[in-house]
Protein chains: 2
Amino acid sequence: MTFFSNLKMWEMMKEIRELVMLFLMALCSKLTATSGKTMTIRKWQVPAEDSYCLSWRLGVETNNIRAWPIVPNQCLRYVESYMILGQYERDIDLIIDQVMDYVNDDVVLSNDGFDAWILDVDDTCISNLFYYQGKRFGGDPYDPKGFKEWALKGVCPAIPGVLRLYNKLIKKGFRVFLVTGRSEATFGQTTLNNLHSQGFLDYERLILRSDEYKGMNALDYKSEIRKNLVEEGYMIWGNIGDQWSDIQGDYVGIRTFKLPNPMYFVP
Amino acid sequence: MTFFSNLKMWEMMKEIRELVMLFLMALCSKLTATSGKTMTIRKWQVPAEDSYCLSWRLGVETNNIRAWPIVPNQCLRYVESYMILGQYERDIDLIIDQVMDYVNDDVVLSNDGFDAWILDVDDTCISNLFYYQGKRFGGDPYDPKGFKEWALKGVCPAIPGVLRLYNKLIKKGFRVFLVTGRSEATFGQTTLNNLHSQGFLDYERLILRSDEYKGMNALDYKSEIRKNLVEEGYMIWGNIGDQWSDIQGDYVGIRTFKLPNPMYFVP
């Protein structure tokens, strides 16, 4: 080997080293960029194949897709990411901001004791996310026994945005009705305790499903409940639920708001 | 330099070369993966700051956000990407698949000549995307003069998924009614020509806004039109629009479907 060839080799090596360094730096900066807050979002961002799941979720939330039994298999990871990495919460918060605007700008309370507001309970006031974490976020079929066990624990946490709104509604003077499809006989006391422990106090009535409504679908049952309230003289200013069956049917209220829920469908 | 050091250097160089090759291969495979179809998706993927826009669009499509005058400034690029990079079309196609399922599985036609289906026109049958491209995809306020000029050209292209459904509905024997808030006097002939040139043929009636409905909001106007049809004896099996005002109000039909439109709101 000549000096010349050695020199050439050294130079080539230097060049290659620089290339490697550049690559490593690029890699490093990318790793840095994806750490912390940004990483959450990047993780949340759907890979190409999840474009379908984005369409699916839109279809579900707009009530175009109905009576779906479970989350489609190819969307399990997508829904999990959506639920736990922040977007679900952000979606709720933006909707709650809309409700606040409506309450502040458009509602003129009569203050006659009949200004009503209706809230659904499960995944509206309090969250079953921990339970559904064990059910692949809706990837597993509905399990009445499992859900009963979970609900009887009475440990559903409040959904922060909804609790914030709830306190505002109470303060404003609304008569708040919590209306749930949960069986009164089975879940009455537990649900009441759960709600109280999570800060849902001073509401007008917690209405659970009594025997006379057993087996009725949620849409008809909740329509009946609202009809009774209207006949009692209540004016329903607002009505919020995570299911379309909460906010469709009869006497839905002056304004309705749909919270997201890509984990299960209640007819 | 000894042979030994030379050998070592060669070996080091070989190692580094391999590393570089690996990096280049990794880079290559990434570039390949992001070319073509996949690239569209990756481009479409929202950056962290657009998480708000994802919530905003969900709010709009679920009718939680109403009477919004323009697309929020921070969401201009997001909405543009959504509209032109494929997700809008994919969202429509998934909804159309749902409609097809409903038509195939749930509808039992009476074949008495009164099986009706209602379709909105603008951004349901035919698209104004080219026009809105010049209006920052809804970032600019509504411009009646500009829209009139555009619509009078009669060059709105069919929305492929909806045309596919339309042909199916006609073939199945539905009486299809195209109902639009466009003024009959101003846009009657142009709209008819535009629809025909795009393949919307053999419908039962194209209903434009006659003078008696001038100034009425879309929800009330379309409710009136549907009421007249029901009184004529029609059974409205389905009703599709890109605005909630197309599919809310009275006599909405047995099933309604909401197509996406994050560019403008019609009350």
# chains A, B, ... in the order shown; residues from 1 in each chain; ligands from 1

$ calpha_fit_rmsd --fixed "chain A" --moving "chain B"
1.7 Å

$ select_by_dssp --residues "range 8-251 of chain A" --states "alpha helix (DSSP H)" --output "NGL selection string"
:A and (8-33 or 36-44 or 51-61 or 76-84 or 87-105 or 129-133 or 144-153 or 160-172 or 184-197 or 218-232 or 244-247)

$ closest_atom_pairs --of "range 78-119 of chain B" --to "range 126-131 of chain B" --cutoff "12 Å" --atoms "only C-alpha atoms" --output "CSV"
residue,atom,partner,partner_atom,distance
B:Val79,CA,B:Leu129,CA,11.7
B:Glu80,CA,B:Leu129,CA,10.1
B:Tyr82,CA,B:Leu129,CA,11.8
B:Met83,CA,B:Leu129,CA,8.1
B:Ile84,CA,B:Leu129,CA,8.7
B:Tyr88,CA,B:Leu129,CA,11.0
B:Glu89,CA,B:Ser127,CA,11.4
B:Leu119,CA,B:Ile126,CA,10.6

$ residues_around --residues "Asp202 in chain B" --least-positions-apart "6" --cutoff "12 Å" --atoms "only C-alpha atoms" --output "number ranges by chain"
B: 166-171, 173-178, 192, 195-196

$ residues_around --residues "Asp123 in chain B" --least-positions-apart "4" --cutoff "10 Å" --atoms "only C-alpha atoms" --output "list in words"
Ser127, Asn128, Leu129, Cys156, Pro157, Ala158, Ile159, Val162, Gly241, Asp242, Gln243, Leu259, Pro260 and Asn261 of chain B

$ write_last_selection --atoms "C-alpha atoms" --output "CSV table (one decimal), in the first residue's frame"
chain,number,residue,atom,x,y,z
B,127,SER,CA,-69.2,19.1,-5.7
B,128,ASN,CA,-68.3,22.7,-5.2
B,129,LEU,CA,-64.8,21.8,-4.1
B,156,CYS,CA,-69.8,21.0,-10.7
B,157,PRO,CA,-68.5,17.5,-10.9
B,158,ALA,CA,-70.4,14.5,-9.5
B,159,ILE,CA,-69.3,13.1,-6.2
B,162,VAL,CA,-72.9,9.4,-4.4
B,241,GLY,CA,-77.2,15.6,2.8
B,242,ASP,CA,-73.9,17.2,3.7
B,243,GLN,CA,-75.7,19.6,6.1
B,259,LEU,CA,-72.0,13.4,4.5
B,260,PRO,CA,-68.9,15.4,5.6
B,261,ASN,CA,-68.5,19.0,4.9

$ residues_around --residues "Asn111 in chain A" --least-positions-apart "2" --cutoff "12 Å" --atoms "only C-alpha atoms" --output "list in words"
Val107, Val108, Leu109, Gly113, Phe114, Asp115, Ala116, Lys172, Gly173, Phe174, Arg175, Tyr234 and Met235 of chain A

$ write_last_selection --atoms "all heavy atoms" --output "compact mmCIF listing (two decimals), in the first residue's frame"
# COMPACT_ATOMS: atom_id res chain seq x y z
N VAL A 107 -79.24 30.80 26.40
CA VAL A 107 -80.29 30.37 27.32
C VAL A 107 -80.75 31.56 28.17
O VAL A 107 -79.93 32.29 28.73
CB VAL A 107 -79.78 29.25 28.25
CG1 VAL A 107 -80.82 28.93 29.33
CG2 VAL A 107 -79.45 28.00 27.45
N VAL A 108 -82.06 31.79 28.19
CA VAL A 108 -82.62 32.80 29.11
C VAL A 108 -83.52 32.05 30.09
O VAL A 108 -84.63 31.65 29.75
CB VAL A 108 -83.42 33.87 28.35
CG1 VAL A 108 -83.91 34.94 29.33
CG2 VAL A 108 -82.57 34.50 27.26
N LEU A 109 -82.98 31.85 31.27
CA LEU A 109 -83.69 31.06 32.27
C LEU A 109 -84.96 31.74 32.72
O LEU A 109 -84.99 32.96 32.90
CB LEU A 109 -82.79 30.80 33.48
CG LEU A 109 -81.61 29.85 33.24
CD1 LEU A 109 -80.77 29.74 34.52
CD2 LEU A 109 -82.11 28.47 32.84
N GLY A 113 -88.32 27.44 38.35
CA GLY A 113 -88.12 26.10 38.92
C GLY A 113 -88.30 25.00 37.91
O GLY A 113 -88.28 23.82 38.27
N PHE A 114 -88.50 25.38 36.65
CA PHE A 114 -88.74 24.35 35.63
C PHE A 114 -87.73 24.40 34.47
O PHE A 114 -87.98 23.88 33.40
CB PHE A 114 -90.18 24.43 35.10
CG PHE A 114 -91.19 23.92 36.08
CD1 PHE A 114 -91.89 24.80 36.91
CD2 PHE A 114 -91.42 22.55 36.21
CE1 PHE A 114 -92.81 24.33 37.83
CE2 PHE A 114 -92.34 22.07 37.13
CZ PHE A 114 -93.04 22.95 37.94
N ASP A 115 -86.61 25.10 34.72
CA ASP A 115 -85.54 25.11 33.71
C ASP A 115 -84.73 23.83 33.86
O ASP A 115 -83.90 23.72 34.76
CB ASP A 115 -84.62 26.32 33.92
CG ASP A 115 -85.35 27.64 33.73
OD1 ASP A 115 -86.01 27.80 32.68
OD2 ASP A 115 -85.27 28.50 34.63
N ALA A 116 -84.93 22.90 32.93
CA ALA A 116 -84.32 21.58 33.11
C ALA A 116 -83.14 21.36 32.18
O ALA A 116 -83.02 21.97 31.12
CB ALA A 116 -85.36 20.49 32.87
N LYS A 172 -75.95 27.97 37.88
CA LYS A 172 -76.82 28.83 37.07
C LYS A 172 -78.28 28.70 37.46
O LYS A 172 -79.11 29.55 37.13
CB LYS A 172 -76.68 28.43 35.59
CG LYS A 172 -75.63 29.23 34.84
CD LYS A 172 -76.32 30.18 33.86
CE LYS A 172 -75.35 31.09 33.14
NZ LYS A 172 -76.05 32.05 32.27
N GLY A 173 -78.62 27.59 38.12
CA GLY A 173 -80.01 27.40 38.55
C GLY A 173 -80.80 26.37 37.76
O GLY A 173 -82.02 26.26 37.93
N PHE A 174 -80.12 25.61 36.90
CA PHE A 174 -80.84 24.56 36.17
C PHE A 174 -81.26 23.44 37.13
O PHE A 174 -80.55 23.17 38.11
CB PHE A 174 -79.95 23.93 35.08
CG PHE A 174 -79.74 24.80 33.88
CD1 PHE A 174 -78.59 25.58 33.77
CD2 PHE A 174 -80.68 24.84 32.86
CE1 PHE A 174 -78.39 26.38 32.65
CE2 PHE A 174 -80.48 25.63 31.75
CZ PHE A 174 -79.33 26.41 31.64
N ARG A 175 -82.38 22.83 36.86
CA ARG A 175 -82.74 21.58 37.53
C ARG A 175 -82.15 20.46 36.68
O ARG A 175 -82.61 20.25 35.55
CB ARG A 175 -84.27 21.42 37.60
CG ARG A 175 -84.97 22.63 38.16
CD ARG A 175 -84.68 22.79 39.66
NE ARG A 175 -84.84 24.17 40.10
CZ ARG A 175 -85.53 24.53 41.17
NH1 ARG A 175 -86.12 23.61 41.91
NH2 ARG A 175 -85.61 25.80 41.52
N TYR A 234 -91.61 20.83 32.88
CA TYR A 234 -90.21 21.22 32.68
C TYR A 234 -89.94 21.62 31.24
O TYR A 234 -90.52 21.06 30.30
CB TYR A 234 -89.26 20.07 33.07
CG TYR A 234 -89.16 19.89 34.57
CD1 TYR A 234 -89.88 18.88 35.23
CD2 TYR A 234 -88.36 20.74 35.32
CE1 TYR A 234 -89.80 18.72 36.60
CE2 TYR A 234 -88.27 20.58 36.70
CZ TYR A 234 -89.00 19.58 37.33
OH TYR A 234 -88.92 19.44 38.69
N MET A 235 -89.08 22.60 31.09
CA MET A 235 -88.56 23.02 29.79
C MET A 235 -87.15 22.47 29.69
O MET A 235 -86.28 22.83 30.50
CB MET A 235 -88.54 24.56 29.77
CG MET A 235 -87.51 25.19 28.88
SD MET A 235 -88.17 25.33 27.24
CE MET A 235 -88.65 27.07 27.26

$ residues_around --residues "Ile92 in chain A" --least-positions-apart "2" --cutoff "12 Å" --atoms "only C-alpha atoms" --output "ChimeraX atom specification"
/A:83,86-90,94-99,123-125,159-165,240-242,257-261 /B:52,54-56,58-59,64

$ write_last_selection --atoms "N, CA and C atoms" --output "CSV table (one decimal), in the first residue's frame"
chain,number,residue,atom,x,y,z
A,83,MET,N,-58.6,6.8,22.7
A,83,MET,CA,-59.2,6.9,24.1
A,83,MET,C,-58.2,7.4,25.1
A,86,GLY,N,-55.2,11.2,24.7
A,86,GLY,CA,-55.5,12.6,24.8
A,86,GLY,C,-56.6,13.2,23.9
A,87,GLN,N,-56.8,12.6,22.7
A,87,GLN,CA,-57.7,13.2,21.7
A,87,GLN,C,-59.2,13.1,22.2
A,88,TYR,N,-59.5,12.0,22.8
A,88,TYR,CA,-60.9,11.8,23.4
A,88,TYR,C,-61.2,12.9,24.3
A,89,GLU,N,-60.2,13.2,25.2
A,89,GLU,CA,-60.5,14.2,26.2
A,89,GLU,C,-60.6,15.6,25.6
A,90,ARG,N,-59.7,15.8,24.6
A,90,ARG,CA,-59.7,17.1,23.9
A,90,ARG,C,-61.0,17.3,23.1
A,94,LEU,N,-63.7,20.4,23.9
A,94,LEU,CA,-64.2,21.3,22.9
A,94,LEU,C,-65.7,21.3,22.8
A,95,ILE,N,-66.3,20.2,23.0
A,95,ILE,CA,-67.8,20.1,23.0
A,95,ILE,C,-68.4,20.9,24.2
A,96,ILE,N,-67.7,20.6,25.4
A,96,ILE,CA,-68.2,21.3,26.6
A,96,ILE,C,-68.0,22.8,26.5
A,97,ASP,N,-67.0,23.3,25.8
A,97,ASP,CA,-66.9,24.7,25.5
A,97,ASP,C,-68.1,25.2,24.7
A,98,GLN,N,-68.5,24.4,23.8
A,98,GLN,CA,-69.7,24.8,23.0
A,98,GLN,C,-71.0,24.8,23.9
A,99,VAL,N,-71.1,23.9,24.8
A,99,VAL,CA,-72.2,23.9,25.7
A,99,VAL,C,-72.2,25.1,26.6
A,123,ASP,N,-70.4,7.2,30.8
A,123,ASP,CA,-69.6,7.8,29.8
A,123,ASP,C,-70.1,9.1,29.3
A,124,THR,N,-70.9,9.7,30.2
A,124,THR,CA,-71.2,11.1,30.1
A,124,THR,C,-70.8,11.8,31.4
A,125,CYS,N,-71.5,11.5,32.5
A,125,CYS,CA,-71.0,12.1,33.8
A,125,CYS,C,-69.8,11.3,34.3
A,159,ILE,N,-65.9,12.4,34.4
A,159,ILE,CA,-65.3,13.0,33.2
A,159,ILE,C,-65.1,14.4,33.5
A,160,PRO,N,-63.8,14.9,33.6
A,160,PRO,CA,-63.6,16.2,34.1
A,160,PRO,C,-64.3,17.4,33.4
A,161,GLY,N,-64.4,17.4,32.1
A,161,GLY,CA,-65.1,18.4,31.4
A,161,GLY,C,-66.6,18.5,31.7
A,162,VAL,N,-67.2,17.3,31.9
A,162,VAL,CA,-68.6,17.2,32.1
A,162,VAL,C,-68.9,17.7,33.6
A,163,LEU,N,-68.0,17.3,34.5
A,163,LEU,CA,-68.2,17.8,35.9
A,163,LEU,C,-68.1,19.3,36.0
A,164,ARG,N,-67.1,19.8,35.2
A,164,ARG,CA,-67.0,21.3,35.2
A,164,ARG,C,-68.3,21.9,34.7
A,165,LEU,N,-68.9,21.4,33.6
A,165,LEU,CA,-70.1,21.9,33.1
A,165,LEU,C,-71.2,21.7,34.1
A,240,ILE,N,-77.5,16.0,27.0
A,240,ILE,CA,-76.1,15.6,26.6
A,240,ILE,C,-76.0,14.1,26.9
A,241,GLY,N,-75.4,13.4,25.9
A,241,GLY,CA,-75.2,12.0,26.0
A,241,GLY,C,-74.1,11.5,25.1
A,242,ASP,N,-73.5,10.4,25.4
A,242,ASP,CA,-72.5,9.8,24.5
A,242,ASP,C,-73.1,8.9,23.4
A,257,PHE,N,-76.3,17.6,22.6
A,257,PHE,CA,-74.9,17.5,22.4
A,257,PHE,C,-74.5,16.1,22.5
A,258,LYS,N,-73.7,15.7,21.5
A,258,LYS,CA,-73.2,14.3,21.4
A,258,LYS,C,-71.8,14.2,21.8
A,259,LEU,N,-71.5,13.5,22.9
A,259,LEU,CA,-70.1,13.3,23.3
A,259,LEU,C,-69.6,12.1,22.6
A,260,PRO,N,-68.3,12.0,22.4
A,260,PRO,CA,-67.7,10.9,21.6
A,260,PRO,C,-67.8,9.6,22.4
A,261,ASN,N,-67.9,8.5,21.7
A,261,ASN,CA,-67.8,7.2,22.3
A,261,ASN,C,-67.6,6.1,21.2
B,52,TYR,N,-56.4,20.2,17.7
B,52,TYR,CA,-57.6,21.1,17.8
B,52,TYR,C,-58.5,21.0,16.6
B,54,LEU,N,-58.9,18.6,14.6
B,54,LEU,CA,-59.5,17.3,14.5
B,54,LEU,C,-60.8,17.3,15.4
B,55,SER,N,-60.6,17.9,16.6
B,55,SER,CA,-61.7,18.1,17.5
B,55,SER,C,-62.8,19.0,16.9
B,56,TRP,N,-62.3,20.1,16.3
B,56,TRP,CA,-63.2,21.0,15.6
B,56,TRP,C,-64.1,20.3,14.6
B,58,LEU,N,-64.7,17.1,14.2
B,58,LEU,CA,-65.7,16.2,14.9
B,58,LEU,C,-66.9,17.0,15.4
B,59,GLY,N,-66.6,18.1,16.0
B,59,GLY,CA,-67.7,19.0,16.6
B,59,GLY,C,-68.7,19.4,15.5
B,64,ASN,N,-72.5,19.4,17.0
B,64,ASN,CA,-72.2,20.1,18.3
B,64,ASN,C,-71.8,21.5,18.1

$ residues_around --residues "Val179 in chain A" --least-positions-apart "4" --cutoff "9 Å" --atoms "only C-alpha atoms" --output "list of chain:residue names"
A:Ile118, A:Leu119, A:Asp120, A:Val121, A:Arg205, A:Leu206, A:Ile207, A:Leu208, A:Arg209, A:Lys222, A:Ile225, A:Asp246

$ write_last_selection --atoms "C-alpha atoms" --output "tab-separated table (two decimals), in the first residue's frame"
chain	number	residue	atom	x	y	z
A	118	ILE	CA	-80.66	16.32	31.09
A	119	LEU	CA	-77.43	14.37	31.38
A	120	ASP	CA	-76.82	10.74	30.63
A	121	VAL	CA	-74.72	8.93	33.27
A	205	ARG	CA	-83.40	13.73	40.24
A	206	LEU	CA	-81.40	10.62	39.38
A	207	ILE	CA	-83.67	8.55	37.15
A	208	LEU	CA	-82.78	4.88	36.69
A	209	ARG	CA	-84.66	2.27	34.72
A	222	LYS	CA	-85.43	7.97	27.48
A	225	ILE	CA	-88.76	9.80	30.69
A	246	ASP	CA	-79.72	9.67	24.48

$ atom_distance --atom1 "CA of Cys53 in chain B" --atom2 "CA of Cys53 in chain A"
17.5 Å

$ atom_distance --atom1 "CA of Ser183 in chain B" --atom2 "CA of Asn217 in chain B"
12.7 Å

$ atom_distance --atom1 "CA of Pro144 in chain A" --atom2 "CA of Asn193 in chain A"
20.8 Å

$ select_by_dssp --residues "range 159-230 of chain A" --states "strand (DSSP E or B)" --output "list in words"
Arg175, Val176, Phe177, Leu178, Val179, Thr180, Gly181, Arg182, Ser183, Arg205, Leu206, Ile207, Leu208 and Arg209 of chain A

$ write_last_selection --atoms "all heavy atoms" --output "CSV table (one decimal), in the first residue's frame"
chain,number,residue,atom,x,y,z
A,175,ARG,N,-82.4,22.8,36.9
A,175,ARG,CA,-82.7,21.6,37.5
A,175,ARG,C,-82.2,20.5,36.7
A,175,ARG,O,-82.6,20.2,35.5
A,175,ARG,CB,-84.3,21.4,37.6
A,175,ARG,CG,-85.0,22.6,38.2
A,175,ARG,CD,-84.7,22.8,39.7
A,175,ARG,NE,-84.8,24.2,40.1
A,175,ARG,CZ,-85.5,24.5,41.2
A,175,ARG,NH1,-86.1,23.6,41.9
A,175,ARG,NH2,-85.6,25.8,41.5
A,176,VAL,N,-81.1,19.8,37.2
A,176,VAL,CA,-80.4,18.8,36.4
A,176,VAL,C,-81.0,17.4,36.7
A,176,VAL,O,-81.1,17.0,37.8
A,176,VAL,CB,-78.9,18.8,36.7
A,176,VAL,CG1,-78.2,17.8,35.9
A,176,VAL,CG2,-78.3,20.2,36.3
A,177,PHE,N,-81.3,16.7,35.6
A,177,PHE,CA,-81.8,15.3,35.7
A,177,PHE,C,-80.8,14.4,35.1
A,177,PHE,O,-80.4,14.6,34.0
A,177,PHE,CB,-83.1,15.2,34.9
A,177,PHE,CG,-84.3,16.0,35.5
A,177,PHE,CD1,-84.4,17.3,35.2
A,177,PHE,CD2,-85.1,15.4,36.4
A,177,PHE,CE1,-85.5,18.1,35.8
A,177,PHE,CE2,-86.2,16.1,37.0
A,177,PHE,CZ,-86.3,17.5,36.7
A,178,LEU,N,-80.4,13.5,35.9
A,178,LEU,CA,-79.4,12.4,35.5
A,178,LEU,C,-80.3,11.2,35.1
A,178,LEU,O,-81.0,10.6,35.9
A,178,LEU,CB,-78.4,12.1,36.6
A,178,LEU,CG,-77.7,13.3,37.2
A,178,LEU,CD1,-76.7,12.8,38.2
A,178,LEU,CD2,-76.9,14.1,36.1
A,179,VAL,N,-80.2,10.9,33.8
A,179,VAL,CA,-81.1,9.8,33.3
A,179,VAL,C,-80.3,8.7,32.7
A,179,VAL,O,-79.4,8.9,31.8
A,179,VAL,CB,-82.0,10.4,32.2
A,179,VAL,CG1,-83.0,9.2,31.7
A,179,VAL,CG2,-82.8,11.6,32.7
A,180,THR,N,-80.5,7.5,33.3
A,180,THR,CA,-79.6,6.4,32.9
A,180,THR,C,-80.5,5.1,32.6
A,180,THR,O,-81.5,4.9,33.2
A,180,THR,CB,-78.6,6.0,34.0
A,180,THR,OG1,-77.9,4.8,33.6
A,180,THR,CG2,-79.2,5.9,35.4
A,181,GLY,N,-80.0,4.3,31.7
A,181,GLY,CA,-80.6,3.0,31.4
A,181,GLY,C,-80.3,1.9,32.4
A,181,GLY,O,-80.8,0.8,32.3
A,182,ARG,N,-79.4,2.2,33.4
A,182,ARG,CA,-79.0,1.3,34.4
A,182,ARG,C,-80.3,0.8,35.2
A,182,ARG,O,-81.1,1.7,35.5
A,182,ARG,CB,-78.0,1.9,35.4
A,182,ARG,CG,-76.6,2.0,34.9
A,182,ARG,CD,-75.7,2.5,36.0
A,182,ARG,NE,-74.3,2.6,35.6
A,182,ARG,CZ,-73.3,2.8,36.4
A,182,ARG,NH1,-73.5,2.8,37.8
A,182,ARG,NH2,-72.1,2.9,36.0
A,183,SER,N,-80.4,-0.4,35.5
A,183,SER,CA,-81.5,-0.9,36.3
A,183,SER,C,-81.5,-0.3,37.7
A,183,SER,O,-80.5,-0.3,38.4
A,183,SER,CB,-81.4,-2.4,36.4
A,183,SER,OG,-82.0,-2.9,37.6
A,205,ARG,N,-83.0,15.1,40.1
A,205,ARG,CA,-83.4,13.7,40.2
A,205,ARG,C,-82.4,12.8,39.5
A,205,ARG,O,-81.9,13.2,38.4
A,205,ARG,CB,-84.8,13.6,39.6
A,205,ARG,CG,-85.9,13.0,40.4
A,205,ARG,CD,-87.2,13.0,39.7
A,205,ARG,NE,-87.9,14.2,39.7
A,205,ARG,CZ,-89.0,14.5,39.0
A,205,ARG,NH1,-89.5,13.6,38.1
A,205,ARG,NH2,-89.6,15.7,39.1
A,206,LEU,N,-82.1,11.7,40.1
A,206,LEU,CA,-81.4,10.6,39.4
A,206,LEU,C,-82.5,9.6,39.0
A,206,LEU,O,-83.1,9.0,39.8
A,206,LEU,CB,-80.3,10.0,40.3
A,206,LEU,CG,-79.7,8.7,39.8
A,206,LEU,CD1,-79.0,8.8,38.5
A,206,LEU,CD2,-78.8,8.1,40.9
A,207,ILE,N,-82.6,9.4,37.6
A,207,ILE,CA,-83.7,8.5,37.2
A,207,ILE,C,-83.0,7.3,36.5
A,207,ILE,O,-82.3,7.4,35.5
A,207,ILE,CB,-84.6,9.3,36.1
A,207,ILE,CG1,-85.2,10.5,36.7
A,207,ILE,CG2,-85.6,8.3,35.6
A,207,ILE,CD1,-85.9,11.4,35.8
A,208,LEU,N,-83.3,6.2,37.2
A,208,LEU,CA,-82.8,4.9,36.7
A,208,LEU,C,-84.0,4.1,36.1
A,208,LEU,O,-85.1,4.5,36.2
A,208,LEU,CB,-82.1,4.1,37.8
A,208,LEU,CG,-80.9,4.7,38.4
A,208,LEU,CD1,-81.2,5.2,39.8
A,208,LEU,CD2,-79.8,3.6,38.5
A,209,ARG,N,-83.6,3.0,35.4
A,209,ARG,CA,-84.7,2.3,34.7
A,209,ARG,C,-85.5,1.4,35.7
A,209,ARG,O,-84.9,0.5,36.3
A,209,ARG,CB,-84.0,1.4,33.7
A,209,ARG,CG,-85.0,0.7,32.7
A,209,ARG,CD,-84.3,-0.4,32.0
A,209,ARG,NE,-83.3,0.1,31.0
A,209,ARG,CZ,-83.5,0.2,29.7
A,209,ARG,NH1,-84.7,-0.1,29.2
A,209,ARG,NH2,-82.6,0.6,28.9
